[in-house]
Amino acid sequence: MNYQIKLFHWPERGDHIIMVVRGFVEIQGFKQMFRKVGEMTELLSDCKVLIDLVDANHRLDPAAIQTFVSEFTPDQWPSNSKIALVSTPQIQQHNQILLLAASLSRRGYKVAAFYDSKSAI
């Protein structure tokens, strides 16, 4: 897995982080991604985050997702931040991202899954 991450500060639109991920991603990769974004948003309030996984392949089984979500603590992510996860349109890949987003949402985080970046924005 490799990724590029950029932080944008727009006075009229707020703070935005865009992360583009490529390659094969397992649950450890998701932990690394969320940890990095969490570090970058630590001092930002109301940050909007787009994690683009369109060029990535991932394998997330439901048990791994539940373990990941249960280990996720409020101090890792500012509560005002919003996360958009953009997956490839392949149904199996999208369903995994959809389950991850739904699981995080049930824990009170503002997360949604999308098929394309335009919809996410």
# chains A, B, ... in the order shown; residues from 1 in each chain; ligands from 1
call {"tool": "residues_around", "arguments": {"residues": "stretch 105-108 of chain A", "least_positions_apart": "6", "cutoff": "9 Å", "atoms": "only C-alpha atoms", "output": "list of chain:residue names"}}
result
A:Val69, A:Ser70, A:Ser79
call {"tool": "write_last_selection", "arguments": {"atoms": "N, CA, C and O atoms", "output": "PDB file, in the first residue's frame"}}
result
ATOM      1  N   VAL A  69     -13.000  -1.226  14.564  1.00  0.00           N
ATOM      2  CA  VAL A  69     -13.930  -0.207  15.061  1.00  0.00           C
ATOM      3  C   VAL A  69     -13.974  -0.210  16.583  1.00  0.00           C
ATOM      4  O   VAL A  69     -14.018   0.849  17.214  1.00  0.00           O
ATOM      5  N   SER A  70     -13.937  -1.379  17.192  1.00  0.00           N
ATOM      6  CA  SER A  70     -13.994  -1.447  18.659  1.00  0.00           C
ATOM      7  C   SER A  70     -12.733  -0.862  19.302  1.00  0.00           C
ATOM      8  O   SER A  70     -12.782  -0.382  20.423  1.00  0.00           O
ATOM      9  N   SER A  79     -14.394  14.860  16.873  1.00  0.00           N
ATOM     10  CA  SER A  79     -15.790  14.492  16.681  1.00  0.00           C
ATOM     11  C   SER A  79     -16.496  15.329  15.607  1.00  0.00           C
ATOM     12  O   SER A  79     -17.487  14.895  15.043  1.00  0.00           O
TER      13      SER A  79
END
call {"tool": "residues_around", "arguments": {"residues": "stretch 93-104 of chain A", "least_positions_apart": "4", "cutoff": "12 Å", "atoms": "only C-alpha atoms", "output": "PyMOL selection string"}}
result
chain A and resi 24-27+30-31+34+51-74+77+79+82-89+108-116
call {"tool": "atom_distance", "arguments": {"atom1": "atom CA of A:Cys47", "atom2": "atom CA of A:Asp15"}}
result
5.0 Å
call {"tool": "select_by_dssp", "arguments": {"residues": "stretch 22-102 of chain A", "states": "alpha helix (DSSP H)", "output": "PyMOL selection string"}}
result
chain A and resi 27-41+62-71+91-102
call {"tool": "atom_distance", "arguments": {"atom1": "atom CA of A:Ser117", "atom2": "atom CA of A:Val49"}}
result
11.6 Å
call {"tool": "residues_around", "arguments": {"residues": "A:Leu44", "least_positions_apart": "4", "cutoff": "12 Å", "atoms": "only C-alpha atoms", "output": "ChimeraX atom specification"}}
result
/A:7-9,14-17,37-40,48-49,77-82
call {"tool": "write_last_selection", "arguments": {"atoms": "N, CA and C atoms", "output": "CSV table (one decimal), in the first residue's frame"}}
result
chain,number,residue,atom,x,y,z
A,7,LEU,N,-3.3,18.4,2.9
A,7,LEU,CA,-4.1,19.2,3.7
A,7,LEU,C,-4.3,20.5,3.1
A,8,PHE,N,-5.6,20.9,2.9
A,8,PHE,CA,-5.9,22.2,2.3
A,8,PHE,C,-6.6,23.1,3.4
A,9,HIS,N,-6.2,24.3,3.4
A,9,HIS,CA,-6.8,25.3,4.3
A,9,HIS,C,-7.5,26.4,3.4
A,14,GLY,N,-13.1,26.1,5.0
A,14,GLY,CA,-12.6,25.2,6.0
A,14,GLY,C,-11.5,24.3,5.6
A,15,ASP,N,-11.1,23.4,6.5
A,15,ASP,CA,-10.0,22.5,6.3
A,15,ASP,C,-10.5,21.2,5.6
A,16,HIS,N,-9.6,20.8,4.7
A,16,HIS,CA,-9.9,19.5,3.9
A,16,HIS,C,-8.7,18.7,3.8
A,17,ILE,N,-8.8,17.4,4.0
A,17,ILE,CA,-7.7,16.5,3.8
A,17,ILE,C,-8.2,15.5,2.7
A,37,VAL,N,-4.4,10.3,9.3
A,37,VAL,CA,-5.4,11.4,9.2
A,37,VAL,C,-5.8,11.9,10.6
A,38,GLY,N,-5.8,11.1,11.6
A,38,GLY,CA,-6.1,11.6,12.9
A,38,GLY,C,-5.1,12.5,13.5
A,39,GLU,N,-3.8,12.2,13.2
A,39,GLU,CA,-2.7,13.1,13.6
A,39,GLU,C,-2.8,14.5,12.9
A,40,MET,N,-3.2,14.4,11.6
A,40,MET,CA,-3.3,15.7,10.9
A,40,MET,C,-4.5,16.5,11.3
A,48,LYS,N,-13.0,18.2,6.9
A,48,LYS,CA,-13.6,17.3,6.0
A,48,LYS,C,-12.5,16.4,5.3
A,49,VAL,N,-12.7,15.1,5.4
A,49,VAL,CA,-11.7,14.1,4.9
A,49,VAL,C,-12.2,13.3,3.8
A,77,TRP,N,-9.8,10.8,16.8
A,77,TRP,CA,-10.5,11.5,15.7
A,77,TRP,C,-11.3,12.6,16.3
A,78,PRO,N,-11.2,13.8,15.8
A,78,PRO,CA,-12.0,14.9,16.3
A,78,PRO,C,-13.5,14.6,16.0
A,79,SER,N,-14.4,14.9,16.9
A,79,SER,CA,-15.8,14.5,16.7
A,79,SER,C,-16.5,15.3,15.6
A,80,ASN,N,-16.0,16.5,15.3
A,80,ASN,CA,-16.6,17.4,14.3
A,80,ASN,C,-16.2,17.0,12.9
A,81,SER,N,-15.2,16.2,12.7
A,81,SER,CA,-14.7,15.9,11.4
A,81,SER,C,-15.6,14.9,10.6
A,82,LYS,N,-15.7,15.1,9.3
A,82,LYS,CA,-16.5,14.2,8.5
A,82,LYS,C,-15.5,13.4,7.6
call {"tool": "select_by_dssp", "arguments": {"residues": "chain A", "states": "strand (DSSP E)", "output": "PDB file with N, CA, C and O atoms, in the first residue's frame"}}
result
ATOM      1  N   ASN A   2       0.485   2.198  -0.787  1.00  0.00           N
ATOM      2  CA  ASN A   2       1.110   3.509  -0.678  1.00  0.00           C
ATOM      3  C   ASN A   2       0.010   4.556  -0.779  1.00  0.00           C
ATOM      4  O   ASN A   2      -1.083   4.276  -1.257  1.00  0.00           O
ATOM      5  N   TYR A   3       0.299   5.728  -0.268  1.00  0.00           N
ATOM      6  CA  TYR A   3      -0.708   6.774  -0.284  1.00  0.00           C
ATOM      7  C   TYR A   3      -0.063   8.141  -0.368  1.00  0.00           C
ATOM      8  O   TYR A   3       1.112   8.318  -0.046  1.00  0.00           O
ATOM      9  N   GLN A   4      -0.858   9.085  -0.835  1.00  0.00           N
ATOM     10  CA  GLN A   4      -0.495  10.490  -0.822  1.00  0.00           C
ATOM     11  C   GLN A   4      -1.566  11.194  -0.011  1.00  0.00           C
ATOM     12  O   GLN A   4      -2.752  10.852  -0.101  1.00  0.00           O
ATOM     13  N   ILE A   5      -1.132  12.173   0.761  1.00  0.00           N
ATOM     14  CA  ILE A   5      -2.087  12.887   1.604  1.00  0.00           C
ATOM     15  C   ILE A   5      -1.770  14.376   1.549  1.00  0.00           C
ATOM     16  O   ILE A   5      -0.610  14.768   1.566  1.00  0.00           O
ATOM     17  N   LYS A   6      -2.828  15.167   1.426  1.00  0.00           N
ATOM     18  CA  LYS A   6      -2.661  16.614   1.360  1.00  0.00           C
ATOM     19  C   LYS A   6      -3.685  17.280   2.261  1.00  0.00           C
ATOM     20  O   LYS A   6      -4.826  16.835   2.359  1.00  0.00           O
ATOM     21  N   LEU A   7      -3.253  18.358   2.879  1.00  0.00           N
ATOM     22  CA  LEU A   7      -4.119  19.174   3.733  1.00  0.00           C
ATOM     23  C   LEU A   7      -4.315  20.519   3.051  1.00  0.00           C
ATOM     24  O   LEU A   7      -3.355  21.158   2.628  1.00  0.00           O
ATOM     25  N   PHE A   8      -5.569  20.929   2.917  1.00  0.00           N
ATOM     26  CA  PHE A   8      -5.910  22.206   2.308  1.00  0.00           C
ATOM     27  C   PHE A   8      -6.606  23.076   3.353  1.00  0.00           C
ATOM     28  O   PHE A   8      -7.518  22.616   4.030  1.00  0.00           O
ATOM     29  N   HIS A   9      -6.174  24.335   3.445  1.00  0.00           N
ATOM     30  CA  HIS A   9      -6.819  25.323   4.329  1.00  0.00           C
ATOM     31  C   HIS A   9      -7.467  26.375   3.443  1.00  0.00           C
ATOM     32  O   HIS A   9      -6.775  27.111   2.753  1.00  0.00           O
ATOM     33  N   TRP A  10      -8.784  26.417   3.435  1.00  0.00           N
ATOM     34  CA  TRP A  10      -9.518  27.441   2.692  1.00  0.00           C
ATOM     35  C   TRP A  10     -10.306  28.256   3.700  1.00  0.00           C
ATOM     36  O   TRP A  10     -11.198  27.722   4.370  1.00  0.00           O
ATOM     37  N   GLY A  14     -13.129  26.051   4.963  1.00  0.00           N
ATOM     38  CA  GLY A  14     -12.626  25.219   6.046  1.00  0.00           C
ATOM     39  C   GLY A  14     -11.457  24.347   5.626  1.00  0.00           C
ATOM     40  O   GLY A  14     -10.867  24.527   4.566  1.00  0.00           O
ATOM     41  N   ASP A  15     -11.134  23.401   6.487  1.00  0.00           N
ATOM     42  CA  ASP A  15      -9.994  22.506   6.271  1.00  0.00           C
ATOM     43  C   ASP A  15     -10.455  21.216   5.606  1.00  0.00           C
ATOM     44  O   ASP A  15     -11.502  20.661   5.958  1.00  0.00           O
ATOM     45  N   HIS A  16      -9.639  20.751   4.663  1.00  0.00           N
ATOM     46  CA  HIS A  16      -9.941  19.523   3.940  1.00  0.00           C
ATOM     47  C   HIS A  16      -8.668  18.682   3.837  1.00  0.00           C
ATOM     48  O   HIS A  16      -7.592  19.214   3.602  1.00  0.00           O
ATOM     49  N   ILE A  17      -8.837  17.384   3.999  1.00  0.00           N
ATOM     50  CA  ILE A  17      -7.736  16.450   3.788  1.00  0.00           C
ATOM     51  C   ILE A  17      -8.176  15.494   2.699  1.00  0.00           C
ATOM     52  O   ILE A  17      -9.289  14.968   2.724  1.00  0.00           O
ATOM     53  N   ILE A  18      -7.270  15.286   1.742  1.00  0.00           N
ATOM     54  CA  ILE A  18      -7.518  14.306   0.693  1.00  0.00           C
ATOM     55  C   ILE A  18      -6.390  13.283   0.747  1.00  0.00           C
ATOM     56  O   ILE A  18      -5.213  13.647   0.699  1.00  0.00           O
ATOM     57  N   MET A  19      -6.784  12.021   0.859  1.00  0.00           N
ATOM     58  CA  MET A  19      -5.822  10.918   0.875  1.00  0.00           C
ATOM     59  C   MET A  19      -6.164  10.009  -0.300  1.00  0.00           C
ATOM     60  O   MET A  19      -7.295   9.559  -0.433  1.00  0.00           O
ATOM     61  N   VAL A  20      -5.175   9.755  -1.150  1.00  0.00           N
ATOM     62  CA  VAL A  20      -5.344   8.847  -2.285  1.00  0.00           C
ATOM     63  C   VAL A  20      -4.508   7.607  -1.992  1.00  0.00           C
ATOM     64  O   VAL A  20      -3.294   7.707  -1.762  1.00  0.00           O
ATOM     65  N   VAL A  21      -5.171   6.457  -2.001  1.00  0.00           N
ATOM     66  CA  VAL A  21      -4.522   5.196  -1.627  1.00  0.00           C
ATOM     67  C   VAL A  21      -4.446   4.285  -2.852  1.00  0.00           C
ATOM     68  O   VAL A  21      -5.409   4.173  -3.608  1.00  0.00           O
ATOM     69  N   ARG A  22      -3.297   3.636  -3.003  1.00  0.00           N
ATOM     70  CA  ARG A  22      -3.095   2.690  -4.106  1.00  0.00           C
ATOM     71  C   ARG A  22      -2.499   1.402  -3.563  1.00  0.00           C
ATOM     72  O   ARG A  22      -1.845   1.402  -2.526  1.00  0.00           O
ATOM     73  N   GLY A  23      -2.741   0.323  -4.290  1.00  0.00           N
ATOM     74  CA  GLY A  23      -2.159  -0.957  -3.924  1.00  0.00           C
ATOM     75  C   GLY A  23      -3.101  -1.782  -3.072  1.00  0.00           C
ATOM     76  O   GLY A  23      -4.293  -1.480  -2.943  1.00  0.00           O
ATOM     77  N   PHE A  24      -2.565  -2.835  -2.492  1.00  0.00           N
ATOM     78  CA  PHE A  24      -3.358  -3.750  -1.674  1.00  0.00           C
ATOM     79  C   PHE A  24      -3.355  -3.272  -0.223  1.00  0.00           C
ATOM     80  O   PHE A  24      -2.302  -2.981   0.341  1.00  0.00           O
ATOM     81  N   VAL A  25      -4.549  -3.195   0.367  1.00  0.00           N
ATOM     82  CA  VAL A  25      -4.696  -2.687   1.727  1.00  0.00           C
ATOM     83  C   VAL A  25      -5.387  -3.735   2.594  1.00  0.00           C
ATOM     84  O   VAL A  25      -6.472  -4.202   2.258  1.00  0.00           O
ATOM     85  N   LYS A  48     -12.975  18.210   6.873  1.00  0.00           N
ATOM     86  CA  LYS A  48     -13.607  17.261   5.962  1.00  0.00           C
ATOM     87  C   LYS A  48     -12.507  16.412   5.334  1.00  0.00           C
ATOM     88  O   LYS A  48     -11.521  16.938   4.837  1.00  0.00           O
ATOM     89  N   VAL A  49     -12.687  15.089   5.386  1.00  0.00           N
ATOM     90  CA  VAL A  49     -11.659  14.149   4.939  1.00  0.00           C
ATOM     91  C   VAL A  49     -12.229  13.278   3.829  1.00  0.00           C
ATOM     92  O   VAL A  49     -13.302  12.708   3.966  1.00  0.00           O
ATOM     93  N   LEU A  50     -11.490  13.173   2.743  1.00  0.00           N
ATOM     94  CA  LEU A  50     -11.847  12.271   1.662  1.00  0.00           C
ATOM     95  C   LEU A  50     -10.728  11.247   1.534  1.00  0.00           C
ATOM     96  O   LEU A  50      -9.571  11.620   1.341  1.00  0.00           O
ATOM     97  N   ILE A  51     -11.072   9.974   1.694  1.00  0.00           N
ATOM     98  CA  ILE A  51     -10.103   8.890   1.527  1.00  0.00           C
ATOM     99  C   ILE A  51     -10.502   8.151   0.252  1.00  0.00           C
ATOM    100  O   ILE A  51     -11.532   7.481   0.206  1.00  0.00           O
ATOM    101  N   ASP A  52      -9.685   8.316  -0.784  1.00  0.00           N
ATOM    102  CA  ASP A  52      -9.959   7.765  -2.110  1.00  0.00           C
ATOM    103  C   ASP A  52      -9.286   6.398  -2.247  1.00  0.00           C
ATOM    104  O   ASP A  52      -8.069   6.299  -2.301  1.00  0.00           O
ATOM    105  N   LEU A  53     -10.107   5.360  -2.302  1.00  0.00           N
ATOM    106  CA  LEU A  53      -9.626   3.978  -2.412  1.00  0.00           C
ATOM    107  C   LEU A  53      -9.931   3.379  -3.789  1.00  0.00           C
ATOM    108  O   LEU A  53      -9.905   2.170  -3.962  1.00  0.00           O
ATOM    109  N   VAL A  54     -10.219   4.236  -4.768  1.00  0.00           N
ATOM    110  CA  VAL A  54     -10.610   3.762  -6.095  1.00  0.00           C
ATOM    111  C   VAL A  54      -9.508   2.920  -6.735  1.00  0.00           C
ATOM    112  O   VAL A  54      -9.782   1.918  -7.393  1.00  0.00           O
ATOM    113  N   ASP A  55      -8.259   3.300  -6.551  1.00  0.00           N
ATOM    114  CA  ASP A  55      -7.134   2.560  -7.132  1.00  0.00           C
ATOM    115  C   ASP A  55      -6.512   1.572  -6.156  1.00  0.00           C
ATOM    116  O   ASP A  55      -5.371   1.152  -6.330  1.00  0.00           O
ATOM    117  N   ALA A  56      -7.246   1.219  -5.125  1.00  0.00           N
ATOM    118  CA  ALA A  56      -6.749   0.269  -4.124  1.00  0.00           C
ATOM    119  C   ALA A  56      -7.594  -0.999  -4.151  1.00  0.00           C
ATOM    120  O   ALA A  56      -8.762  -0.970  -4.538  1.00  0.00           O
ATOM    121  N   ASN A  57      -6.996  -2.084  -3.766  1.00  0.00           N
ATOM    122  CA  ASN A  57      -7.707  -3.340  -3.537  1.00  0.00           C
ATOM    123  C   ASN A  57      -7.601  -3.625  -2.053  1.00  0.00           C
ATOM    124  O   ASN A  57      -6.552  -3.402  -1.449  1.00  0.00           O
ATOM    125  N   HIS A  58      -8.672  -4.117  -1.477  1.00  0.00           N
ATOM    126  CA  HIS A  58      -8.621  -4.398  -0.050  1.00  0.00           C
ATOM    127  C   HIS A  58      -9.417  -5.643   0.259  1.00  0.00           C
ATOM    128  O   HIS A  58     -10.306  -6.053  -0.482  1.00  0.00           O
ATOM    129  N   LYS A  82     -15.661  15.098   9.318  1.00  0.00           N
ATOM    130  CA  LYS A  82     -16.469  14.228   8.475  1.00  0.00           C
ATOM    131  C   LYS A  82     -15.537  13.442   7.563  1.00  0.00           C
ATOM    132  O   LYS A  82     -14.573  13.990   7.029  1.00  0.00           O
ATOM    133  N   ILE A  83     -15.850  12.156   7.372  1.00  0.00           N
ATOM    134  CA  ILE A  83     -15.016  11.269   6.563  1.00  0.00           C
ATOM    135  C   ILE A  83     -15.842  10.732   5.408  1.00  0.00           C
ATOM    136  O   ILE A  83     -16.921  10.183   5.609  1.00  0.00           O
ATOM    137  N   ALA A  84     -15.319  10.870   4.193  1.00  0.00           N
ATOM    138  CA  ALA A  84     -15.926  10.261   3.008  1.00  0.00           C
ATOM    139  C   ALA A  84     -14.964   9.194   2.511  1.00  0.00           C
ATOM    140  O   ALA A  84     -13.804   9.485   2.201  1.00  0.00           O
ATOM    141  N   LEU A  85     -15.422   7.955   2.468  1.00  0.00           N
ATOM    142  CA  LEU A  85     -14.635   6.840   1.956  1.00  0.00           C
ATOM    143  C   LEU A  85     -15.122   6.537   0.545  1.00  0.00           C
ATOM    144  O   LEU A  85     -16.293   6.219   0.345  1.00  0.00           O
ATOM    145  N   VAL A  86     -14.238   6.656  -0.435  1.00  0.00           N
ATOM    146  CA  VAL A  86     -14.606   6.418  -1.830  1.00  0.00           C
ATOM    147  C   VAL A  86     -13.973   5.108  -2.261  1.00  0.00           C
ATOM    148  O   VAL A  86     -12.762   4.960  -2.249  1.00  0.00           O
ATOM    149  N   LYS A 110     -18.843  10.667  11.959  1.00  0.00           N
ATOM    150  CA  LYS A 110     -19.522  11.102  10.740  1.00  0.00           C
ATOM    151  C   LYS A 110     -18.777  10.522   9.544  1.00  0.00           C
ATOM    152  O   LYS A 110     -17.806  11.104   9.065  1.00  0.00           O
ATOM    153  N   VAL A 111     -19.230   9.346   9.105  1.00  0.00           N
ATOM    154  CA  VAL A 111     -18.558   8.612   8.035  1.00  0.00           C
ATOM    155  C   VAL A 111     -19.595   8.149   7.019  1.00  0.00           C
ATOM    156  O   VAL A 111     -20.683   7.718   7.390  1.00  0.00           O
ATOM    157  N   ALA A 112     -19.223   8.220   5.744  1.00  0.00           N
ATOM    158  CA  ALA A 112     -20.095   7.720   4.687  1.00  0.00           C
ATOM    159  C   ALA A 112     -19.244   7.096   3.592  1.00  0.00           C
ATOM    160  O   ALA A 112     -18.081   7.474   3.406  1.00  0.00           O
ATOM    161  N   ALA A 113     -19.820   6.127   2.883  1.00  0.00           N
ATOM    162  CA  ALA A 113     -19.152   5.447   1.776  1.00  0.00           C
ATOM    163  C   ALA A 113     -19.764   5.881   0.461  1.00  0.00           C
ATOM    164  O   ALA A 113     -20.984   6.068   0.367  1.00  0.00           O
ATOM    165  N   PHE A 114     -18.921   6.043  -0.550  1.00  0.00           N
ATOM    166  CA  PHE A 114     -19.366   6.495  -1.868  1.00  0.00           C
ATOM    167  C   PHE A 114     -18.703   5.664  -2.963  1.00  0.00           C
ATOM    168  O   PHE A 114     -17.636   5.096  -2.764  1.00  0.00           O
TER     169      PHE A 114
END
